[in-house]
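For reference, start-v4.pdb (PDB, C-alpha atoms):
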```pdb
ATOM      1  CA  MET D   1     -17.708   8.744  -4.272
ATOM      2  CA  ILE D   2     -15.990   5.354  -4.338
ATOM      3  CA  VAL D   3     -12.509   4.901  -2.837
ATOM      4  CA  ILE D   4      -9.842   2.202  -2.974
ATOM      5  CA  ASP D   5      -6.933   2.885  -0.604
ATOM      6  CA  GLY D   6      -3.690   1.039  -1.236
ATOM      7  CA  HIS D   7      -1.977   1.186   2.157
ATOM      8  CA  CYS D   8      -2.693   1.379   5.875
ATOM      9  CA  ASP D   9      -1.071   0.050   9.050
ATOM     10  CA  ALA D  10      -4.161  -0.638  11.149
ATOM     11  CA  LEU D  11      -3.001  -4.231  11.680
ATOM     12  CA  LEU D  12       0.190  -2.984  13.353
ATOM     13  CA  LYS D  13      -1.797  -0.978  15.892
ATOM     14  CA  MET D  14      -4.224  -3.845  16.486
ATOM     15  CA  TYR D  15      -1.353  -6.302  16.912
ATOM     16  CA  GLU D  16       0.350  -4.083  19.474
ATOM     17  CA  ASP D  17      -2.886  -3.188  21.285
ATOM     18  CA  PRO D  18      -5.439  -6.045  21.186
ATOM     19  CA  SER D  19      -8.069  -3.812  22.808
ATOM     20  CA  LEU D  20      -8.488  -1.761  19.610
ATOM     21  CA  ASP D  21     -11.786  -2.465  17.857
ATOM     22  CA  PHE D  22     -11.892  -2.065  14.076
ATOM     23  CA  PHE D  23     -15.700  -2.034  14.119
ATOM     24  CA  SER D  24     -16.074   0.558  16.894
ATOM     25  CA  SER D  25     -18.304   3.512  16.033
ATOM     26  CA  GLY D  26     -16.678   5.691  18.688
ATOM     27  CA  PRO D  27     -13.088   6.824  19.316
ATOM     28  CA  SER D  28     -11.007   3.728  18.682
ATOM     29  CA  GLY D  29      -7.345   4.703  18.414
ATOM     30  CA  LEU D  30      -7.406   3.703  14.742
ATOM     31  CA  ASP D  31      -7.391   5.976  11.690
ATOM     32  CA  VAL D  32      -9.049   3.259   9.592
ATOM     33  CA  THR D  33     -12.216   1.690  11.003
ATOM     34  CA  TYR D  34     -15.219   0.025   9.455
ATOM     35  CA  PRO D  35     -17.559   2.977  10.178
ATOM     36  CA  ARG D  36     -15.049   5.373   8.594
ATOM     37  CA  MET D  37     -14.722   3.103   5.564
ATOM     38  CA  CYS D  38     -18.496   3.271   5.204
ATOM     39  CA  ARG D  39     -18.550   7.051   5.647
ATOM     40  CA  SER D  40     -16.003   7.560   2.842
ATOM     41  CA  ASN D  41     -17.366   4.655   0.778
ATOM     42  CA  ILE D  42     -13.993   2.918   0.833
ATOM     43  CA  LYS D  43     -14.869  -0.238  -1.038
ATOM     44  CA  VAL D  44     -11.398  -1.808  -0.771
ATOM     45  CA  GLN D  45      -8.739  -1.111   1.844
ATOM     46  CA  PHE D  46      -5.245  -2.653   1.634
ATOM     47  CA  PHE D  47      -4.027  -3.822   5.080
ATOM     48  CA  ALA D  48      -0.269  -4.258   5.539
ATOM     49  CA  ILE D  49       1.486  -6.846   7.650
ATOM     50  CA  TYR D  50       4.301  -4.678   8.993
ATOM     51  CA  LEU D  51       6.546  -5.693  11.887
ATOM     52  CA  SER D  52       7.664  -2.852  14.098
ATOM     53  CA  GLU D  53      11.376  -2.106  14.354
ATOM     54  CA  ARG D  54      10.958  -3.080  18.008
ATOM     55  CA  ILE D  55      10.873  -6.712  16.845
ATOM     56  CA  LYS D  56      14.604  -7.337  16.527
ATOM     57  CA  ASN D  57      14.411 -10.913  15.232
ATOM     58  CA  PRO D  58      11.376 -11.156  12.950
ATOM     59  CA  ARG D  59      10.095 -14.709  12.474
ATOM     60  CA  PHE D  60       7.609 -16.169  10.031
ATOM     61  CA  ASP D  61       5.345 -16.849  13.018
ATOM     62  CA  HIS D  62       4.916 -13.092  13.350
ATOM     63  CA  TYR D  63       3.414 -12.959   9.852
ATOM     64  CA  LEU D  64       1.090 -15.828  10.747
ATOM     65  CA  GLU D  65      -0.052 -13.958  13.850
ATOM     66  CA  TYR D  66      -0.879 -10.890  11.750
ATOM     67  CA  ALA D  67      -2.725 -12.974   9.154
ATOM     68  CA  ASP D  68      -4.682 -14.679  11.921
ATOM     69  CA  LEU D  69      -5.550 -11.282  13.414
ATOM     70  CA  PHE D  70      -6.712 -10.050  10.004
ATOM     71  CA  HIS D  71      -8.986 -13.039   9.426
ATOM     72  CA  ARG D  72     -10.316 -13.181  13.023
ATOM     73  CA  THR D  73     -11.148  -9.508  13.318
ATOM     74  CA  ILE D  74     -11.265  -7.364  10.178
ATOM     75  CA  ALA D  75     -12.312 -10.020   7.653
ATOM     76  CA  ALA D  76     -14.876 -11.658   9.915
ATOM     77  CA  GLY D  77     -18.586 -11.326  10.477
ATOM     78  CA  GLY D  78     -19.660 -10.893   6.863
ATOM     79  CA  ARG D  79     -19.158  -7.145   6.615
ATOM     80  CA  VAL D  80     -15.613  -7.120   5.187
ATOM     81  CA  ARG D  81     -14.678  -9.611   2.497
ATOM     82  CA  PRO D  82     -11.028 -10.644   2.007
ATOM     83  CA  ILE D  83      -9.990  -9.892  -1.582
ATOM     84  CA  LYS D  84      -8.115 -12.857  -3.046
ATOM     85  CA  THR D  85      -9.522 -13.061  -6.579
ATOM     86  CA  ARG D  86     -11.127 -10.951  -9.279
ATOM     87  CA  ARG D  87     -14.440 -12.528  -8.328
ATOM     88  CA  ASP D  88     -14.032 -11.254  -4.761
ATOM     89  CA  LEU D  89     -13.243  -7.770  -6.049
ATOM     90  CA  GLU D  90     -16.265  -7.657  -8.335
ATOM     91  CA  ALA D  91     -18.537  -8.923  -5.571
ATOM     92  CA  VAL D  92     -17.371  -6.095  -3.316
ATOM     93  CA  MET D  93     -17.562  -3.385  -5.959
ATOM     94  CA  ASN D  94     -21.102  -4.430  -6.922
ATOM     95  CA  GLY D  95     -22.486  -5.358  -3.508
ATOM     96  CA  PRO D  96     -22.920  -4.129   0.070
ATOM     97  CA  GLU D  97     -19.691  -5.547   1.521
ATOM     98  CA  ARG D  98     -16.391  -3.763   2.012
ATOM     99  CA  GLY D  99     -13.224  -5.452   0.815
ATOM    100  CA  ALA D 100      -9.847  -5.947   2.489
ATOM    101  CA  LEU D 101      -6.678  -6.908   0.619
ATOM    102  CA  LEU D 102      -3.853  -8.321   2.723
ATOM    103  CA  THR D 103      -0.304  -7.160   1.922
ATOM    104  CA  LEU D 104       3.187  -7.557   3.371
ATOM    105  CA  GLU D 105       5.531  -4.622   4.020
ATOM    106  CA  GLY D 106       9.064  -5.937   4.537
ATOM    107  CA  ALA D 107       9.866  -9.552   3.614
ATOM    108  CA  ASP D 108      12.630  -9.993   6.210
ATOM    109  CA  ALA D 109      11.152 -13.085   7.883
ATOM    110  CA  LEU D 110      10.546 -14.910   4.592
ATOM    111  CA  GLN D 111      14.317 -15.519   4.372
ATOM    112  CA  GLY D 112      13.978 -16.575   0.752
ATOM    113  CA  ASN D 113      11.912 -19.654   1.665
ATOM    114  CA  PRO D 114       9.446 -20.429  -1.172
ATOM    115  CA  LEU D 115       7.253 -22.435   1.234
ATOM    116  CA  TYR D 116       6.782 -19.354   3.398
ATOM    117  CA  LEU D 117       5.900 -17.306   0.316
ATOM    118  CA  ARG D 118       3.343 -19.852  -0.891
ATOM    119  CA  THR D 119       1.843 -20.025   2.603
ATOM    120  CA  LEU D 120       1.294 -16.264   2.649
ATOM    121  CA  TYR D 121      -0.324 -16.508  -0.769
ATOM    122  CA  GLN D 122      -2.717 -19.170   0.517
ATOM    123  CA  LEU D 123      -3.540 -16.895   3.453
ATOM    124  CA  GLY D 124      -4.518 -14.135   1.027
ATOM    125  CA  VAL D 125      -1.419 -11.959   0.653
ATOM    126  CA  ARG D 126      -1.554 -10.481  -2.836
ATOM    127  CA  LEU D 127       1.072  -7.704  -2.654
ATOM    128  CA  ILE D 128       4.542  -7.566  -1.105
ATOM    129  CA  GLY D 129       6.950  -4.710  -0.493
ATOM    130  CA  THR D 130      10.278  -6.552  -0.318
ATOM    131  CA  THR D 131      11.938  -4.121   2.093
ATOM    132  CA  TRP D 132      10.974  -1.501   4.580
ATOM    133  CA  ASN D 133      13.570   1.303   4.723
ATOM    134  CA  TYR D 134      16.673  -0.802   5.317
ATOM    135  CA  ALA D 135      18.414  -3.893   3.934
ATOM    136  CA  ASN D 136      17.371  -7.497   4.263
ATOM    137  CA  TRP D 137      18.292 -10.779   2.567
ATOM    138  CA  ALA D 138      16.560  -9.732  -0.675
ATOM    139  CA  ALA D 139      17.335  -6.059  -1.318
ATOM    140  CA  ASP D 140      18.336  -2.687   0.077
ATOM    141  CA  GLY D 141      15.737  -0.243   1.295
ATOM    142  CA  VAL D 142      15.657   3.430   0.462
ATOM    143  CA  LEU D 143      17.499   4.525   3.635
ATOM    144  CA  GLU D 144      20.182   1.806   3.582
ATOM    145  CA  PRO D 145      23.530   3.685   3.368
ATOM    146  CA  ARG D 146      25.146   1.428   0.739
ATOM    147  CA  GLN D 147      22.165   1.867  -1.669
ATOM    148  CA  ALA D 148      22.605  -1.516  -3.351
ATOM    149  CA  GLY D 149      19.919  -3.345  -5.313
ATOM    150  CA  PHE D 150      18.437  -6.845  -5.183
ATOM    151  CA  THR D 151      20.602  -9.779  -4.177
ATOM    152  CA  ARG D 152      20.745 -12.937  -6.289
ATOM    153  CA  GLN D 153      18.276 -14.537  -3.858
ATOM    154  CA  GLY D 154      16.101 -11.435  -4.083
ATOM    155  CA  LYS D 155      15.971 -11.623  -7.873
ATOM    156  CA  SER D 156      14.786 -15.221  -7.567
ATOM    157  CA  PHE D 157      12.115 -13.940  -5.159
ATOM    158  CA  ILE D 158      10.876 -11.502  -7.827
ATOM    159  CA  LYS D 159      10.369 -14.400 -10.232
ATOM    160  CA  GLN D 160       8.572 -16.472  -7.574
ATOM    161  CA  CYS D 161       6.155 -13.609  -6.891
ATOM    162  CA  ASN D 162       5.554 -13.173 -10.627
ATOM    163  CA  GLU D 163       4.745 -16.879 -10.978
ATOM    164  CA  LEU D 164       2.409 -16.943  -7.957
ATOM    165  CA  GLY D 165       0.584 -13.772  -8.912
ATOM    166  CA  ILE D 166       1.793 -11.592  -6.042
ATOM    167  CA  VAL D 167       2.201  -7.924  -6.994
ATOM    168  CA  LEU D 168       5.483  -6.312  -5.955
ATOM    169  CA  ASP D 169       5.598  -2.907  -4.264
ATOM    170  CA  ALA D 170       8.575  -0.580  -4.795
ATOM    171  CA  SER D 171       7.671   2.107  -2.264
ATOM    172  CA  HIS D 172      10.499   1.370   0.201
ATOM    173  CA  LEU D 173      13.154   0.135  -2.223
ATOM    174  CA  SER D 174      16.479   1.850  -2.854
ATOM    175  CA  VAL D 175      16.711   3.520  -6.262
ATOM    176  CA  ARG D 176      19.004   0.777  -7.542
ATOM    177  CA  ALA D 177      16.646  -1.910  -6.237
ATOM    178  CA  PHE D 178      13.751  -0.163  -8.012
ATOM    179  CA  TRP D 179      15.600  -0.501 -11.318
ATOM    180  CA  ASP D 180      16.573  -4.111 -10.571
ATOM    181  CA  LEU D 181      12.880  -4.813 -10.035
ATOM    182  CA  ALA D 182      12.037  -3.077 -13.316
ATOM    183  CA  GLU D 183      14.601  -5.247 -15.107
ATOM    184  CA  CYS D 184      13.724  -8.583 -13.489
ATOM    185  CA  SER D 185       9.941  -8.479 -13.158
ATOM    186  CA  ASN D 186       7.803  -9.684 -16.033
ATOM    187  CA  LYS D 187       4.688  -8.238 -14.388
ATOM    188  CA  PRO D 188       3.761  -4.611 -13.663
ATOM    189  CA  PHE D 189       4.641  -3.458 -10.161
ATOM    190  CA  VAL D 190       3.478  -0.546  -8.015
ATOM    191  CA  ALA D 191       4.555   2.041  -5.452
ATOM    192  CA  THR D 192       1.641   1.928  -3.026
ATOM    193  CA  HIS D 193       2.507   4.960  -0.898
ATOM    194  CA  SER D 194       5.001   7.383  -2.466
ATOM    195  CA  ASN D 195       4.744  10.899  -3.878
ATOM    196  CA  SER D 196       6.830  12.958  -6.323
ATOM    197  CA  LYS D 197      10.428  13.772  -5.384
ATOM    198  CA  ALA D 198      10.392  16.743  -7.776
ATOM    199  CA  VAL D 199       7.696  18.355  -5.603
ATOM    200  CA  CYS D 200       9.009  17.206  -2.199
ATOM    201  CA  GLY D 201      12.564  15.894  -2.030
ATOM    202  CA  HIS D 202      12.069  13.226   0.628
ATOM    203  CA  PRO D 203      14.038  10.053  -0.271
ATOM    204  CA  ARG D 204      10.865   7.948   0.024
ATOM    205  CA  ASN D 205       9.339   9.792  -2.934
ATOM    206  CA  LEU D 206       9.816   8.814  -6.589
ATOM    207  CA  ASP D 207      11.961  10.696  -9.076
ATOM    208  CA  ASP D 208      10.607  11.485 -12.532
ATOM    209  CA  ASP D 209      12.368   8.546 -14.201
ATOM    210  CA  GLN D 210      10.823   6.132 -11.708
ATOM    211  CA  ILE D 211       7.387   7.668 -12.236
ATOM    212  CA  ARG D 212       7.749   7.402 -16.013
ATOM    213  CA  GLU D 213       8.775   3.758 -15.671
ATOM    214  CA  LEU D 214       5.735   2.912 -13.559
ATOM    215  CA  ILE D 215       3.539   4.630 -16.143
ATOM    216  CA  ARG D 216       5.267   2.794 -19.005
ATOM    217  CA  ILE D 217       4.789  -0.678 -17.534
ATOM    218  CA  GLY D 218       1.183  -0.126 -16.481
ATOM    219  CA  GLY D 219       1.995   0.080 -12.772
ATOM    220  CA  ARG D 220       0.387   2.315 -10.171
ATOM    221  CA  ILE D 221       1.527   5.163  -7.881
ATOM    222  CA  GLY D 222      -0.338   5.540  -4.587
ATOM    223  CA  LEU D 223      -0.435   9.149  -3.445
ATOM    224  CA  THR D 224       0.277   9.143   0.254
ATOM    225  CA  PHE D 225      -0.885  11.481   3.015
ATOM    226  CA  VAL D 226       2.339  11.297   5.055
ATOM    227  CA  PRO D 227       2.849  15.022   5.740
ATOM    228  CA  TRP D 228       6.646  14.984   5.325
ATOM    229  CA  PHE D 229       6.252  13.265   1.931
ATOM    230  CA  VAL D 230       3.871  16.027   0.822
ATOM    231  CA  ALA D 231       5.911  19.074   1.867
ATOM    232  CA  ALA D 232       8.955  19.776   4.014
ATOM    233  CA  GLN D 233       6.623  21.773   6.251
ATOM    234  CA  GLY D 234       3.033  22.934   6.185
ATOM    235  CA  ALA D 235       1.563  19.917   4.367
ATOM    236  CA  SER D 236      -1.991  20.451   3.117
ATOM    237  CA  ILE D 237      -4.493  19.067   0.635
ATOM    238  CA  THR D 238      -3.383  21.862  -1.698
ATOM    239  CA  GLY D 239       0.171  20.582  -1.350
ATOM    240  CA  LEU D 240      -0.970  17.074  -2.262
ATOM    241  CA  LEU D 241      -2.544  18.487  -5.432
ATOM    242  CA  LYS D 242       0.897  19.725  -6.503
ATOM    243  CA  HIS D 243       2.063  16.109  -6.602
ATOM    244  CA  ILE D 244      -0.957  15.169  -8.690
ATOM    245  CA  ASP D 245      -0.301  18.052 -11.091
ATOM    246  CA  HIS D 246       3.307  16.954 -11.547
ATOM    247  CA  ILE D 247       2.528  13.276 -12.108
ATOM    248  CA  LEU D 248      -0.232  14.216 -14.547
ATOM    249  CA  SER D 249       2.303  16.345 -16.436
ATOM    250  CA  LEU D 250       4.382  13.173 -16.900
ATOM    251  CA  GLY D 251       1.415  11.327 -18.398
ATOM    252  CA  GLY D 252       0.321   9.593 -15.202
ATOM    253  CA  ALA D 253      -3.469   9.962 -15.347
ATOM    254  CA  GLY D 254      -3.923   6.196 -15.581
ATOM    255  CA  ALA D 255      -1.315   5.424 -12.923
ATOM    256  CA  LEU D 256      -2.420   7.680 -10.061
ATOM    257  CA  THR D 257      -4.068   5.964  -7.101
ATOM    258  CA  LEU D 258      -4.278   6.451  -3.340
ATOM    259  CA  GLY D 259      -2.119   4.933  -0.583
ATOM    260  CA  SER D 260      -2.931   6.944   2.527
ATOM    261  CA  ASP D 261      -0.583   5.265   5.065
ATOM    262  CA  PHE D 262      -3.216   5.886   7.741
ATOM    263  CA  ASP D 263      -2.287   4.284  11.076
ATOM    264  CA  GLY D 264       1.362   4.383  10.023
ATOM    265  CA  ILE D 265       1.744   8.075  10.889
ATOM    266  CA  ASP D 266       1.572  10.188  14.031
ATOM    267  CA  ARG D 267       0.985  13.505  12.236
ATOM    268  CA  TRP D 268      -1.683  14.183   9.662
ATOM    269  CA  ILE D 269      -2.568  16.583   6.867
ATOM    270  CA  PRO D 270      -5.247  18.942   8.201
ATOM    271  CA  GLN D 271      -8.690  17.703   7.127
ATOM    272  CA  LEU D 272      -7.184  14.333   6.116
ATOM    273  CA  GLU D 273      -6.766  12.956   9.607
ATOM    274  CA  HIS D 274      -8.562   9.624   9.273
ATOM    275  CA  ALA D 275     -10.293   7.388   6.762
ATOM    276  CA  GLY D 276     -13.649   9.102   7.220
ATOM    277  CA  GLN D 277     -12.413  12.285   5.520
ATOM    278  CA  PHE D 278     -11.753  11.220   1.931
ATOM    279  CA  ASP D 279     -14.692  13.390   0.881
ATOM    280  CA  ARG D 280     -12.633  16.490   1.692
ATOM    281  CA  LEU D 281      -9.932  15.386  -0.721
ATOM    282  CA  ALA D 282     -12.511  14.366  -3.324
ATOM    283  CA  LEU D 283     -14.167  17.794  -3.161
ATOM    284  CA  GLU D 284     -10.886  19.522  -4.004
ATOM    285  CA  LEU D 285     -10.135  17.014  -6.760
ATOM    286  CA  TYR D 286     -13.497  17.549  -8.445
ATOM    287  CA  LYS D 287     -12.969  21.310  -8.346
ATOM    288  CA  ARG D 288      -9.642  20.983 -10.166
ATOM    289  CA  TYR D 289      -9.736  17.995 -12.534
ATOM    290  CA  PRO D 290     -12.132  16.299 -15.001
ATOM    291  CA  ASP D 291     -14.401  13.650 -13.507
ATOM    292  CA  ASP D 292     -12.611  10.744 -15.208
ATOM    293  CA  ILE D 293      -9.246  11.811 -13.756
ATOM    294  CA  VAL D 294     -10.744  12.100 -10.267
ATOM    295  CA  GLU D 295     -12.497   8.744 -10.445
ATOM    296  CA  GLY D 296      -9.262   7.173 -11.667
ATOM    297  CA  ILE D 297      -7.385   8.511  -8.649
ATOM    298  CA  LEU D 298     -10.096   7.631  -6.139
ATOM    299  CA  HIS D 299     -10.791   4.086  -7.285
ATOM    300  CA  ALA D 300     -10.838   3.244 -10.996
ATOM    301  CA  ASN D 301      -7.076   2.957 -11.532
ATOM    302  CA  TRP D 302      -6.656   0.560  -8.619
ATOM    303  CA  HIS D 303      -9.725  -1.358  -9.764
ATOM    304  CA  SER D 304      -8.472  -1.857 -13.309
ATOM    305  CA  PHE D 305      -5.013  -2.884 -12.072
ATOM    306  CA  LEU D 306      -6.399  -5.451  -9.633
ATOM    307  CA  MET D 307      -8.697  -6.853 -12.313
ATOM    308  CA  GLU D 308      -5.617  -7.450 -14.443
ATOM    309  CA  GLN D 309      -3.366  -8.851 -11.714
ATOM    310  CA  LEU D 310      -5.568 -10.831  -9.311
ATOM    311  CA  PRO D 311      -6.236 -14.492 -10.077
ATOM    312  CA  ALA D 312      -9.599 -15.324 -11.610
TER     313      ALA D 312
END
```
Could you spell out this file's structure in structure tokens?
Amino acid sequence: MIVIDGHCDALLKMYEDPSLDFFSSGPSGLDVTYPRMCRSNIKVQFFAIYLSERIKNPRFDHYLEYADLFHRTIAAGGRVRPIKTRRDLEAVMNGPERGALLTLEGADALQGNPLYLRTLYQLGVRLIGTTWNYANWAADGVLEPRQAGFTRQGKSFIKQCNELGIVLDASHLSVRAFWDLAECSNKPFVATHSNSKAVCGHPRNLDDDQIRELIRIGGRIGLTFVPWFVAAQGASITGLLKHIDHILSLGGAGALTLGSDFDGIDRWIPQLEHAGQFDRLALELYKRYPDDIVEGILHANWHSFLMEQLPA
């Protein structure tokens, strides 16, 4: 089993509690740790820079603090390699190291400043979700009451990300902003941690038209383990399979990936409670689907996308 996971919030927990140890082999307070990555053979884990709602006036310095934390702790000591290029990815996939890809969830503190964006790129950020759930200078999030799309400044931001080679993430965008992104971006984009709205009607999930669009453009859909995105109640691995069945029925075999959202949740799907338990999901997948479909979901679809989108 090889796994690539497209979203976790371990950096948030480590930022708020500096005593947490990513490399601890015992109870650590983190869902995603290095020993658990090894246990599940997670070869690449995406780590989000996400500022808690408790930070009322987000500043670019906050992003720098997170990036510094990432490079000082997780991507230090030779065991976890930061993924910035295709060469980095191939080295990780074919060698003993684990890989970590730095992302940004919520671009509020960028304030449309291209220098800030380029600085994050130089620090290794390769994927950005423009909003969290609400509005900022660039776009409306999925829970913003007015449900508008991208602003003029936000549409310029899309083009800047395209030119730099930063992948855009639609998971928290309003529906209108999703379609603005589809219209303005000249590169494929992704939804790193969203499920199917037809199976579970949570507003953070994707409707069938959005799923078809992501499939059409060669984007990716990261199945997420957030219980309330899986089922209104009684979320289970079996319930997660219903989302897979539906997306497969829309032609999404090549688009399905994983985006657990570990460390961003305080309730878990039974038997999927931390990053050391991907084998339990894999077992159920192999019982139900052909090997190539399963390997696509677990790692191959993310791998092929990153090989297309990362710089050489």
Give as a list of chain:residue names each residue that has an atom at most 8 Å from (-10.1, -6.0, 13.3) in the file, counting only C-alpha atoms.
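Residues satisfying the cut-off, written out: D:Leu11, D:Met14, D:Leu20, D:Asp21, D:Phe22, D:Phe23, D:Leu69, D:Phe70, D:Arg72, D:Thr73, D:Ile74, D:Ala75.
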Near-Glu105 of chain D list (7 Å; all atoms listed in the file; drop same-chain fewer than 6 positions) as a PyMOL selection string
chain D and resi 48-50+128-132
Got a sec: who's within 7 Å of Asp180 of chain D, counting all atoms listed in the file, leaving out chain neighbours fewer than 4 positions off, as a VMD selection string?
chain D and resid 149 to 150 176 184
Could you work out how far atom CA of Ala300 of chain D lies from atom CA of Val142 of chain D, giving the answer in Å with one decimal?
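Those two atoms sit 28.9 Å apart.
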Enumerate, as an MDAnalysis selection string, the residues matched when the PyMOL selection byres ((chain D and resi 213-220) around 12) is run on the file above.
chainID D and resid 6 167:171 178:179 181:183 185:195 206:212 221:223 247:259 296:297 299:306 308:309
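Between atom CA of Leu164 of chain D and atom CA of Tyr121 of chain D the interatomic distance comes to 7.7 Å.
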Nearest residue to Arg79 of chain D out of D:Leu102, D:Val44, D:Ile2, D:Cys200, using all atoms listed in the file?
D:Val44
Two-atom distance - atom CA of Asp68 of chain D, atom CA of Gly95 of chain D (Å)
25.3 Å
Is it possible to get the residues within 12 Å of (11.3, -13.0, 12.6) (coordinates as in the file, counting all atoms listed in the file) written as a list in words?
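Protein and nucleic acid residues near the point are Tyr50, Leu51, Ser52, Glu53, Arg54, Ile55, Lys56, Asn57, Pro58, Arg59, Phe60, Asp61, His62, Tyr63, Leu64, Glu65, Gly106, Ala107, Asp108, Ala109, Leu110, Gln111 and Asn136 of chain D.
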Once you have the residues from the selection above, write them out as a compact mmCIF listing (two decimals), in the coordinates of the input, restricted to C-alpha atoms.
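Output contents, as saved in out_26.txt:
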```txt
# COMPACT_ATOMS: atom_id res chain seq x y z
CA TYR D 50 4.30 -4.68 8.99
CA LEU D 51 6.55 -5.69 11.89
CA SER D 52 7.66 -2.85 14.10
CA GLU D 53 11.38 -2.11 14.35
CA ARG D 54 10.96 -3.08 18.01
CA ILE D 55 10.87 -6.71 16.84
CA LYS D 56 14.60 -7.34 16.53
CA ASN D 57 14.41 -10.91 15.23
CA PRO D 58 11.38 -11.16 12.95
CA ARG D 59 10.10 -14.71 12.47
CA PHE D 60 7.61 -16.17 10.03
CA ASP D 61 5.34 -16.85 13.02
CA HIS D 62 4.92 -13.09 13.35
CA TYR D 63 3.41 -12.96 9.85
CA LEU D 64 1.09 -15.83 10.75
CA GLU D 65 -0.05 -13.96 13.85
CA GLY D 106 9.06 -5.94 4.54
CA ALA D 107 9.87 -9.55 3.61
CA ASP D 108 12.63 -9.99 6.21
CA ALA D 109 11.15 -13.08 7.88
CA LEU D 110 10.55 -14.91 4.59
CA GLN D 111 14.32 -15.52 4.37
CA ASN D 136 17.37 -7.50 4.26
```
Between D:Asp5, D:Asp140, D:Asp292, D:Asp17, which is the closest to Ala275 of chain D once you count all atoms listed in the file?
D:Asp5
To test your reading of the syntax: which residues would the PyMOL selection byres ((chain D and resi 85) around 12) return for the file shown? Reply as a PyMOL selection string.
chain D and resi 81-84+86-92+99-102+121-122+124-126+165-166+306-312
Determine the residue set returned by the PyMOL selection byres ((chain D and resi 242) around 12) for the present structure, and present it as a count of residues only.
26
Return as AutoDock Vina command-line options the centre and edge lengths, in Å with one decimal, of the box along x, y and z that encloses every atom of segment 46-65 of chain D in the file, padded by 3 Å per side.
```
--center_x 4.7 --center_y -9.5 --center_z 9.8 --size_x 25.8 --size_y 20.7 --size_z 22.4
```
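Closest approach to Ile265 of chain D among D:Phe278, D:Phe157, D:Phe225, D:Trp137 is made by D:Phe225 (distances from all atoms listed in the file).
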Can I get N, CA, C and O atoms for segment 66-77 of chain D, as a PDB file, in the first residue's frame?
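Writing done, so here's part_23.pdb:
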```
ATOM      1  N   TYR D  66       4.256  29.884  10.214  1.00  0.00           N
ATOM      2  CA  TYR D  66       3.875  28.508   9.883  1.00  0.00           C
ATOM      3  C   TYR D  66       4.923  27.864   8.980  1.00  0.00           C
ATOM      4  O   TYR D  66       5.285  26.694   9.180  1.00  0.00           O
ATOM      5  N   ALA D  67       5.375  28.596   7.961  1.00  0.00           N
ATOM      6  CA  ALA D  67       6.374  28.037   7.050  1.00  0.00           C
ATOM      7  C   ALA D  67       7.662  27.730   7.799  1.00  0.00           C
ATOM      8  O   ALA D  67       8.305  26.686   7.565  1.00  0.00           O
ATOM      9  N   ASP D  68       8.047  28.603   8.706  1.00  0.00           N
ATOM     10  CA  ASP D  68       9.232  28.365   9.523  1.00  0.00           C
ATOM     11  C   ASP D  68       9.045  27.110  10.383  1.00  0.00           C
ATOM     12  O   ASP D  68       9.956  26.275  10.487  1.00  0.00           O
ATOM     13  N   LEU D  69       7.875  26.977  10.990  1.00  0.00           N
ATOM     14  CA  LEU D  69       7.577  25.790  11.793  1.00  0.00           C
ATOM     15  C   LEU D  69       7.678  24.526  10.951  1.00  0.00           C
ATOM     16  O   LEU D  69       8.259  23.521  11.376  1.00  0.00           O
ATOM     17  N   PHE D  70       7.113  24.565   9.754  1.00  0.00           N
ATOM     18  CA  PHE D  70       7.160  23.419   8.844  1.00  0.00           C
ATOM     19  C   PHE D  70       8.598  23.014   8.547  1.00  0.00           C
ATOM     20  O   PHE D  70       8.963  21.828   8.640  1.00  0.00           O
ATOM     21  N   HIS D  71       9.431  23.990   8.202  1.00  0.00           N
ATOM     22  CA  HIS D  71      10.808  23.673   7.809  1.00  0.00           C
ATOM     23  C   HIS D  71      11.697  23.334   9.008  1.00  0.00           C
ATOM     24  O   HIS D  71      12.648  22.548   8.862  1.00  0.00           O
ATOM     25  N   ARG D  72      11.394  23.870  10.186  1.00  0.00           N
ATOM     26  CA  ARG D  72      12.204  23.579  11.382  1.00  0.00           C
ATOM     27  C   ARG D  72      11.879  22.230  11.994  1.00  0.00           C
ATOM     28  O   ARG D  72      12.731  21.623  12.656  1.00  0.00           O
ATOM     29  N   THR D  73      10.644  21.786  11.827  1.00  0.00           N
ATOM     30  CA  THR D  73      10.205  20.592  12.546  1.00  0.00           C
ATOM     31  C   THR D  73       9.916  19.435  11.594  1.00  0.00           C
ATOM     32  O   THR D  73      10.677  18.478  11.518  1.00  0.00           O
ATOM     33  N   ILE D  74       8.854  19.537  10.822  1.00  0.00           N
ATOM     34  CA  ILE D  74       8.440  18.413   9.975  1.00  0.00           C
ATOM     35  C   ILE D  74       9.475  18.111   8.902  1.00  0.00           C
ATOM     36  O   ILE D  74       9.922  16.963   8.756  1.00  0.00           O
ATOM     37  N   ALA D  75       9.882  19.120   8.148  1.00  0.00           N
ATOM     38  CA  ALA D  75      10.797  18.908   7.021  1.00  0.00           C
ATOM     39  C   ALA D  75      12.240  19.135   7.453  1.00  0.00           C
ATOM     40  O   ALA D  75      13.003  19.851   6.810  1.00  0.00           O
ATOM     41  N   ALA D  76      12.619  18.506   8.551  1.00  0.00           N
ATOM     42  CA  ALA D  76      13.978  18.653   9.068  1.00  0.00           C
ATOM     43  C   ALA D  76      14.495  17.287   9.488  1.00  0.00           C
ATOM     44  O   ALA D  76      13.719  16.384   9.795  1.00  0.00           O
ATOM     45  N   GLY D  77      15.779  17.133   9.480  1.00  0.00           N
ATOM     46  CA  GLY D  77      16.383  15.903   9.989  1.00  0.00           C
ATOM     47  C   GLY D  77      16.543  14.799   8.964  1.00  0.00           C
ATOM     48  O   GLY D  77      16.973  13.693   9.297  1.00  0.00           O
TER      49      GLY D  77
END
```
